[in-house]
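Chemist: protein.cif is reproduced in full below (mmCIF, C-alpha atoms).
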```cif
data_coords
#
loop_
_atom_site.label_atom_id
_atom_site.label_comp_id
_atom_site.auth_asym_id
_atom_site.auth_seq_id
_atom_site.Cartn_x
_atom_site.Cartn_y
_atom_site.Cartn_z
CA GLU O 1 0.32 32.20 -4.37
CA ASP O 2 3.86 31.27 -5.35
CA LYS O 3 4.12 29.13 -8.47
CA VAL O 4 6.58 27.70 -10.96
CA VAL O 5 5.48 26.89 -14.51
CA GLN O 6 7.49 24.78 -16.92
CA SER O 7 6.99 24.55 -20.66
CA PRO O 8 6.54 22.58 -22.72
CA LEU O 9 5.15 19.75 -20.61
CA SER O 10 6.50 17.22 -23.08
CA LEU O 11 8.80 17.26 -26.05
CA VAL O 12 9.99 14.70 -28.61
CA VAL O 13 13.15 15.36 -30.63
CA HIS O 14 15.68 13.45 -32.72
CA GLU O 15 19.25 12.80 -31.69
CA GLY O 16 21.46 15.75 -32.52
CA ASP O 17 18.72 18.35 -32.10
CA THR O 18 19.09 21.29 -29.71
CA VAL O 19 16.30 21.80 -27.16
CA THR O 20 15.34 24.69 -24.90
CA LEU O 21 13.27 24.08 -21.80
CA ASN O 22 11.55 26.95 -20.04
CA CYS O 23 10.82 27.67 -16.40
CA SER O 24 8.92 30.79 -15.36
CA TYR O 25 8.11 31.70 -11.80
CA GLU O 26 6.06 33.98 -9.61
CA VAL O 27 7.65 33.72 -6.19
CA THR O 28 7.76 36.24 -3.42
CA ASN O 29 11.29 36.91 -2.17
CA PHE O 30 13.20 34.82 -4.70
CA ARG O 31 16.42 33.26 -3.48
CA SER O 32 17.51 30.78 -6.17
CA LEU O 33 16.34 28.50 -8.99
CA LEU O 34 17.37 24.89 -9.38
CA TRP O 35 17.26 22.41 -12.27
CA TYR O 36 17.13 18.64 -11.82
CA LYS O 37 17.11 15.70 -14.22
CA GLN O 38 14.92 12.71 -13.35
CA GLU O 39 15.31 9.47 -15.22
CA LYS O 40 13.61 6.38 -13.80
CA LYS O 41 14.21 7.14 -10.18
CA ALA O 42 15.89 9.89 -8.17
CA PRO O 43 16.12 13.45 -9.48
CA THR O 44 19.76 14.42 -9.89
CA PHE O 45 20.94 17.97 -9.41
CA LEU O 46 22.05 19.92 -12.48
CA PHE O 47 22.33 23.64 -11.72
CA MET O 48 21.55 26.28 -9.14
CA LEU O 49 21.12 29.84 -10.39
CA THR O 50 21.01 32.94 -8.25
CA SER O 51 22.20 35.80 -10.46
CA SER O 52 20.77 37.08 -13.73
CA GLY O 53 22.72 36.69 -16.94
CA ILE O 54 25.40 34.33 -15.68
CA GLU O 55 25.38 31.10 -17.66
CA LYS O 56 26.01 27.84 -15.89
CA LYS O 57 27.40 25.13 -18.14
CA SER O 58 28.09 21.43 -17.83
CA GLY O 59 29.04 19.64 -21.02
CA ARG O 60 26.17 19.94 -23.47
CA LEU O 61 23.83 21.43 -20.86
CA SER O 62 23.65 25.09 -20.00
CA SER O 63 21.24 27.30 -18.10
CA ILE O 64 20.66 30.98 -17.50
CA LEU O 65 18.40 33.05 -15.29
CA ASP O 66 16.55 36.30 -16.01
CA LYS O 67 15.38 37.81 -12.71
CA LYS O 68 13.77 40.79 -14.42
CA GLU O 69 11.49 38.67 -16.63
CA LEU O 70 11.26 35.90 -14.00
CA PHE O 71 12.33 32.88 -16.00
CA SER O 72 15.14 30.47 -16.66
CA ILE O 73 16.00 28.31 -19.64
CA LEU O 74 17.82 25.00 -19.83
CA ASN O 75 19.54 24.30 -23.14
CA ILE O 76 20.70 20.90 -24.30
CA THR O 77 22.78 20.81 -27.48
CA ALA O 78 23.46 17.78 -29.67
CA THR O 79 20.90 15.72 -27.77
CA GLN O 80 21.49 12.01 -27.15
CA THR O 81 19.05 9.25 -26.21
CA GLY O 82 20.53 9.37 -22.71
CA ASP O 83 19.12 12.85 -22.32
CA SER O 84 15.61 11.37 -22.28
CA ALA O 85 14.21 12.24 -18.85
CA ILE O 86 11.93 14.56 -16.94
CA TYR O 87 13.57 17.91 -16.27
CA LEU O 88 12.38 19.56 -13.08
CA CYS O 89 12.66 23.21 -12.13
CA ALA O 90 12.32 24.43 -8.54
CA VAL O 91 12.53 27.84 -6.89
CA ALA O 92 13.67 28.55 -3.36
CA PRO O 93 12.07 31.59 -1.72
CA ILE O 94 13.52 33.39 1.24
CA ASN O 95 11.16 32.42 4.03
CA ALA O 96 10.84 32.54 7.75
CA GLY O 97 12.53 29.73 9.60
CA ASN O 98 15.11 29.32 6.85
CA ASN O 99 13.67 25.91 6.04
CA ARG O 100 14.82 25.94 2.41
CA LYS O 101 11.48 24.61 1.11
CA LEU O 102 11.35 24.45 -2.67
CA ILE O 103 8.47 25.28 -5.01
CA TRP O 104 8.42 22.76 -7.83
CA GLY O 105 7.22 22.95 -11.41
CA LEU O 106 5.46 19.99 -13.02
CA GLY O 107 8.48 19.12 -15.13
CA THR O 108 9.16 18.78 -18.86
CA SER O 109 9.26 15.23 -20.21
CA LEU O 110 11.90 15.01 -22.94
CA ALA O 111 12.14 12.04 -25.28
CA VAL O 112 15.12 11.85 -27.64
CA ASN O 113 14.62 9.39 -30.49
CA PRO O 114 17.56 7.80 -32.32
CA ASP W 1 29.65 5.12 -0.63
CA GLY W 2 27.94 8.27 0.61
CA GLY W 3 24.34 8.74 -0.32
CA ILE W 4 20.68 8.36 0.45
CA THR W 5 19.01 4.98 0.51
CA GLN W 6 15.32 4.20 0.50
CA SER W 7 13.67 0.87 1.08
CA PRO W 8 11.84 -1.01 -0.07
CA LYS W 9 11.89 -0.24 -3.79
CA TYR W 10 8.29 -1.43 -4.14
CA LEU W 11 5.70 -1.73 -1.38
CA PHE W 12 2.19 -3.11 -1.42
CA ARG W 13 -0.41 -1.99 1.08
CA LYS W 14 -3.72 -3.57 1.91
CA GLU W 15 -6.74 -1.47 2.78
CA GLY W 16 -6.62 -0.24 6.37
CA GLN W 17 -2.95 -1.05 6.83
CA ASN W 18 -0.17 1.28 7.97
CA VAL W 19 3.14 0.97 6.16
CA THR W 20 6.53 2.54 6.86
CA LEU W 21 8.99 3.71 4.23
CA SER W 22 12.63 3.87 5.19
CA CYS W 23 15.04 6.71 4.36
CA GLU W 24 18.67 6.67 5.51
CA GLN W 25 21.53 9.03 4.66
CA ASN W 26 25.21 8.94 5.52
CA LEU W 27 25.97 12.41 4.19
CA ASN W 28 25.84 14.02 7.63
CA HIS W 29 23.02 16.26 6.40
CA ASP W 30 20.87 18.06 8.94
CA ALA W 31 17.74 18.56 6.84
CA MET W 32 15.60 15.80 5.36
CA TYR W 33 12.43 15.89 3.26
CA TRP W 34 9.69 13.56 2.07
CA TYR W 35 7.93 14.15 -1.25
CA ARG W 36 5.14 12.44 -3.08
CA GLN W 37 5.21 12.31 -6.87
CA ASP W 38 2.11 11.54 -8.95
CA PRO W 39 1.98 11.56 -12.75
CA GLY W 40 1.51 15.09 -14.03
CA GLN W 41 1.63 16.66 -10.56
CA GLY W 42 5.30 17.24 -9.88
CA LEU W 43 6.77 16.90 -6.39
CA ARG W 44 4.60 17.67 -3.38
CA LEU W 45 6.13 18.09 0.09
CA ILE W 46 4.75 15.81 2.80
CA TYR W 47 7.01 16.47 5.82
CA TYR W 48 10.43 17.92 6.44
CA SER W 49 12.90 18.01 9.29
CA GLN W 50 15.66 20.51 9.82
CA ILE W 51 17.19 18.88 12.86
CA VAL W 52 16.95 15.75 14.99
CA ASN W 53 13.79 15.46 17.08
CA ASP W 54 12.04 18.19 15.12
CA PHE W 55 9.86 18.07 12.00
CA GLN W 56 7.18 20.15 10.29
CA LYS W 57 4.20 19.42 8.07
CA GLY W 58 4.51 20.12 4.40
CA ASP W 59 1.72 20.80 1.95
CA ILE W 60 0.05 17.37 2.03
CA ALA W 61 0.76 15.93 5.50
CA GLU W 62 -2.70 14.48 6.17
CA GLY W 63 -2.59 10.70 6.45
CA TYR W 64 1.17 10.59 6.99
CA SER W 65 3.47 10.64 10.01
CA VAL W 66 7.23 10.85 10.49
CA SER W 67 9.90 10.65 13.17
CA ARG W 68 13.44 11.96 13.37
CA GLU W 69 15.13 10.20 16.27
CA LYS W 70 18.51 9.99 14.54
CA LYS W 71 20.23 12.37 12.16
CA GLU W 72 20.68 9.61 9.60
CA SER W 73 17.10 8.38 9.51
CA PHE W 74 13.73 9.90 8.59
CA PRO W 75 11.08 7.17 8.20
CA LEU W 76 7.66 7.96 6.76
CA THR W 77 4.54 6.09 7.83
CA VAL W 78 1.60 6.04 5.46
CA THR W 79 -1.44 5.50 7.68
CA SER W 80 -4.83 4.06 6.86
CA ALA W 81 -6.14 7.63 6.95
CA GLN W 82 -4.37 8.34 3.66
CA LYS W 83 -7.13 7.45 1.19
CA ASN W 84 -5.10 7.57 -2.00
CA PRO W 85 -1.59 6.42 -1.12
CA THR W 86 -0.59 4.95 -4.48
CA ALA W 87 2.36 7.10 -5.60
CA PHE W 88 6.12 7.34 -5.91
CA TYR W 89 7.72 8.55 -2.66
CA LEU W 90 11.02 10.40 -2.68
CA CYS W 91 13.23 11.23 0.26
CA ALA W 92 15.80 14.04 0.06
CA SER W 93 18.41 15.60 2.27
CA ARG W 94 20.29 18.86 2.34
CA GLY W 95 23.59 19.79 3.98
CA ALA W 96 24.19 22.96 5.92
CA GLY W 97 26.60 24.33 3.36
CA ALA W 98 24.58 23.30 0.29
CA LYS W 99 22.12 26.20 0.37
CA GLU W 100 18.95 25.00 -1.33
CA THR W 101 20.37 21.95 -3.10
CA GLN W 102 18.53 18.80 -2.08
CA TYR W 103 19.86 15.35 -2.89
CA PHE W 104 17.41 12.53 -3.52
CA GLY W 105 17.16 8.84 -2.75
CA PRO W 106 16.03 6.32 -5.39
CA GLY W 107 12.41 6.36 -4.27
CA THR W 108 9.79 3.85 -3.12
CA ARG W 109 6.78 3.02 -5.24
CA LEU W 110 3.74 2.28 -3.08
CA LEU W 111 0.80 0.36 -4.50
CA VAL W 112 -2.51 -0.32 -2.82
CA LEU W 113 -4.00 -3.78 -3.27
#
```
Starting from the file, give its structure as structure tokens.
Modeler:
Amino acid sequence: EDKVVQSPLSLVVHEGDTVTLNCSYEVTNFRSLLWYKQEKKAPTFLFMLTSSGIEKKSGRLSSILDKKELFSILNITATQTGDSAIYLCAVAPINAGNNRKLIWGLGTSLAVNP
Amino acid sequence: DGGITQSPKYLFRKEGQNVTLSCEQNLNHDAMYWYRQDPGQGLRLIYYSQIVNDFQKGDIAEGYSVSREKKESFPLTVTSAQKNPTAFYLCASRGAGAKETQYFGPGTRLLVL
């Protein structure tokens, strides 16, 4: 059965710390991996990764994929209280019907204290 | 503004009552999705639709129904057959050129009285 596992499930840090969130997967016919940030309401898209070793970066956030070891990490440097959120990882398999269904992890809840 | 809207923000359901959650998008996206989110359980797919007048069951479709009569709209009905409907419901859409990237509405929180 396809699955996506995120770790840790929750994390508390102080402002200015650097954090690394993990997402490992066991998915048949991998197509891509996506990261989302969810504050109070809608998840917002961060990154989509399809190739190993190519870092995606947006400000203080960056992410990389390792297709050999089947995982991705999301790094946040110089954390701020506004980074407090649930970070969701999802994997898209290649599947019949091309329906683009995603397999979701449970998320990592990050709390950044001032 | 382009985006996905969901209404209402909060919804209360009495026992035995059907309720309908609205999802509208003006992004011209073909595909739309409904998810349920419970604490500690991540996102679970209820129904999805890739095109108007067509939809498929997701992983937890029992007790729910949908329609897709217009491209912009994908309402979800939570029927009385859904025994544990209290949850946060998220609607998402995806454009043809966006590969797997789904964009989410603000969600509806459903509470059973």
Chemist: Once the PyMOL selection byres ((chain W) within 6 of (chain O)) is applied to the coordinates I shared, what remains selected? I want it as a list of chain:residue names.
Modeler: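 Written out, the selection comes to W:Gln41, W:Gly42, W:Glu100, W:Phe104, W:Gly105, W:Pro106.
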Chemist: Write out as a compact mmCIF listing (two decimals) with C-alpha atoms, keeping the file's coordinate frame each polymer residue whose atoms come within 10 Å of segment 55-68 of chain O, counting only C-alpha atoms; drop sequence neighbours fewer than 3 positions from it.
Modeler:
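Listed below is the output, selection_14.txt:
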```txt
# COMPACT_ATOMS: atom_id res chain seq x y z
CA THR O 18 19.09 21.29 -29.71
CA VAL O 19 16.30 21.80 -27.16
CA THR O 20 15.34 24.69 -24.90
CA LEU O 21 13.27 24.08 -21.80
CA ASN O 22 11.55 26.95 -20.04
CA CYS O 23 10.82 27.67 -16.40
CA SER O 24 8.92 30.79 -15.36
CA TYR O 25 8.11 31.70 -11.80
CA PHE O 30 13.20 34.82 -4.70
CA SER O 32 17.51 30.78 -6.17
CA LEU O 33 16.34 28.50 -8.99
CA LEU O 34 17.37 24.89 -9.38
CA TRP O 35 17.26 22.41 -12.27
CA LEU O 46 22.05 19.92 -12.48
CA PHE O 47 22.33 23.64 -11.72
CA MET O 48 21.55 26.28 -9.14
CA LEU O 49 21.12 29.84 -10.39
CA THR O 50 21.01 32.94 -8.25
CA SER O 51 22.20 35.80 -10.46
CA SER O 52 20.77 37.08 -13.73
CA PHE O 71 12.33 32.88 -16.00
CA SER O 72 15.14 30.47 -16.66
CA ILE O 73 16.00 28.31 -19.64
CA LEU O 74 17.82 25.00 -19.83
CA ASN O 75 19.54 24.30 -23.14
CA ILE O 76 20.70 20.90 -24.30
CA THR O 77 22.78 20.81 -27.48
CA ALA O 78 23.46 17.78 -29.67
CA THR O 79 20.90 15.72 -27.77
CA GLN O 80 21.49 12.01 -27.15
CA ASP O 83 19.12 12.85 -22.32
```
Chemist: Grab the atom CA of Phe55 of chain W to atom CA of Gln37 of chain W distance for me, in Å with one decimal place.
Modeler: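 Taking atom CA of Phe55 of chain W as the start and atom CA of Gln37 of chain W as the end point, the length is 20.3 Å.
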Chemist: Applied to this file, what does the PyMOL selection byres ((chain W and resi 32) around 9) return in terms of residues, put as a list in words?
Modeler: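 Going through the file, the PyMOL selection byres ((chain W and resi 32) around 9) ends up selecting His29, Asp30, Ala31, Tyr33, Trp34, Tyr47, Tyr48, Ser49, Gln50, Ile51, Lys71, Ser73, Phe74, Cys91, Ala92, Ser93, Arg94 and Gln102 of chain W.
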Chemist: What residues have an atom no more than 8 Å from (4.0, 35.0, -7.6) in the file's own frame, counting all atoms listed in the file, and can you write them as a ChimeraX atom specification?
Modeler: /O:1-3,25-28
Chemist: Would you list the contacts of Val52 of chain W as a list in words, taking every protein, DNA or RNA residue within 7 Å and counting all atoms listed in the file, but skipping same-chain residues closer than 3 positions in sequence?
Modeler: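 Non-adjacent residues within range: Arg68, Glu69, Lys70 and Lys71 of chain W.
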Chemist: Residues as selected, C-alpha atoms, written as a PDB file, in the coordinates of the input, can you do that?
Modeler:
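Resulting contents of selection.pdb:
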```pdb
ATOM      1  CA  ARG W  68      13.440  11.960  13.370  1.00  0.00           C
ATOM      2  CA  GLU W  69      15.130  10.200  16.270  1.00  0.00           C
ATOM      3  CA  LYS W  70      18.510   9.990  14.540  1.00  0.00           C
ATOM      4  CA  LYS W  71      20.230  12.370  12.160  1.00  0.00           C
TER       5      LYS W  71
END
```
Chemist: What is the distance between atom CA of Val4 of chain O and atom CA of Gly107 of chain W, in Å to one decimal?
Modeler: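 Straight-line distance from atom CA of Val4 of chain O to atom CA of Gly107 of chain W works out to 23.1 Å.
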Chemist: If you apply the PyMOL selection byres ((chain W and resi 84) around 12) to this file, what residues do you get, as number ranges by chain?
Modeler: W: 13-16, 36, 38, 60, 62-64, 78-83, 85-88, 110-113
Chemist: Do you have the atom CA of Ser65 of chain W-atom CA of Ile4 of chain W distance handy?
Modeler: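 A separation of 19.8 Å between them.
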Chemist: Out of W:Asn53, W:Thr5, W:Thr77, W:Thr101, which residue has the shortest atom-to-atom distance to Leu21 of chain W when counting only C-alpha atoms?
Modeler: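 Answer, going by the shortest atom-to-atom distance: W:Thr77.
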Chemist: For Tyr103 of chain W, which residue out of O:Ile86, O:Gln38, O:Asn113, O:Gly16 is the nearest one, using only C-alpha atoms?
Modeler: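 Of O:Ile86, O:Gln38, O:Asn113, O:Gly16, the one nearest Tyr103 of chain W is O:Gln38, counting only C-alpha atoms.
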Chemist: Find, counting all atoms listed in the file, the residue in O:Leu11, O:Ala111, O:Leu70, O:Val5 that gets nearest to Glu39 of chain O.
Modeler: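 Result for the nearest residue to Glu39 of chain O: O:Ala111.
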Chemist: I need the residue nearest Asp54 of chain W from this list: W:Ser7, W:Gln17, W:Ser67, W:Ser22. Use only C-alpha atoms for the distance.
Modeler: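 Answer, going by the shortest atom-to-atom distance: W:Ser67.
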Chemist: When you get a chance, write out N, CA and C atoms for segment 62-77 of chain O, as an mmCIF file, in the frame of the given file.
Modeler:
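Generated output (result.cif):
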```
data_model
loop_
_atom_site.group_PDB
_atom_site.id
_atom_site.type_symbol
_atom_site.label_atom_id
_atom_site.label_comp_id
_atom_site.auth_asym_id
_atom_site.auth_seq_id
_atom_site.Cartn_x
_atom_site.Cartn_y
_atom_site.Cartn_z
ATOM 1 N N SER O 62 23.378 23.751 -20.522
ATOM 2 C CA SER O 62 23.650 25.090 -20.000
ATOM 3 C C SER O 62 22.332 25.695 -19.547
ATOM 4 N N SER O 63 22.448 26.678 -18.638
ATOM 5 C CA SER O 63 21.240 27.300 -18.100
ATOM 6 C C SER O 63 21.546 28.745 -17.744
ATOM 7 N N ILE O 64 20.506 29.565 -17.821
ATOM 8 C CA ILE O 64 20.660 30.980 -17.500
ATOM 9 C C ILE O 64 19.377 31.475 -16.857
ATOM 10 N N LEU O 65 19.517 32.513 -16.057
ATOM 11 C CA LEU O 65 18.400 33.050 -15.290
ATOM 12 C C LEU O 65 18.171 34.525 -15.665
ATOM 13 N N ASP O 66 16.921 34.902 -15.784
ATOM 14 C CA ASP O 66 16.550 36.300 -16.010
ATOM 15 C C ASP O 66 15.621 36.733 -14.877
ATOM 16 N N LYS O 67 16.157 37.432 -13.899
ATOM 17 C CA LYS O 67 15.380 37.810 -12.710
ATOM 18 C C LYS O 67 14.449 38.980 -12.974
ATOM 19 N N LYS O 68 14.676 39.697 -14.068
ATOM 20 C CA LYS O 68 13.770 40.790 -14.420
ATOM 21 C C LYS O 68 12.488 40.232 -15.033
ATOM 22 N N GLU O 69 12.649 39.280 -15.953
ATOM 23 C CA GLU O 69 11.490 38.670 -16.630
ATOM 24 C C GLU O 69 11.004 37.423 -15.914
ATOM 25 N N LEU O 70 11.678 37.013 -14.853
ATOM 26 C CA LEU O 70 11.260 35.900 -14.000
ATOM 27 C C LEU O 70 11.193 34.564 -14.733
ATOM 28 N N PHE O 71 12.290 34.196 -15.376
ATOM 29 C CA PHE O 71 12.330 32.880 -16.000
ATOM 30 C C PHE O 71 13.772 32.396 -16.120
ATOM 31 N N SER O 72 13.855 31.093 -16.386
ATOM 32 C CA SER O 72 15.140 30.470 -16.660
ATOM 33 C C SER O 72 14.953 29.534 -17.844
ATOM 34 N N ILE O 73 16.029 29.307 -18.594
ATOM 35 C CA ILE O 73 16.000 28.310 -19.640
ATOM 36 C C ILE O 73 17.123 27.298 -19.415
ATOM 37 N N LEU O 74 16.826 26.077 -19.846
ATOM 38 C CA LEU O 74 17.820 25.000 -19.830
ATOM 39 C C LEU O 74 18.006 24.573 -21.274
ATOM 40 N N ASN O 75 19.222 24.692 -21.768
ATOM 41 C CA ASN O 75 19.540 24.300 -23.140
ATOM 42 C C ASN O 75 20.301 22.979 -23.141
ATOM 43 N N ILE O 76 19.947 22.131 -24.074
ATOM 44 C CA ILE O 76 20.700 20.900 -24.300
ATOM 45 C C ILE O 76 21.053 20.853 -25.784
ATOM 46 N N THR O 77 22.344 20.859 -26.077
ATOM 47 C CA THR O 77 22.780 20.810 -27.480
ATOM 48 C C THR O 77 23.153 19.380 -27.849
#
```
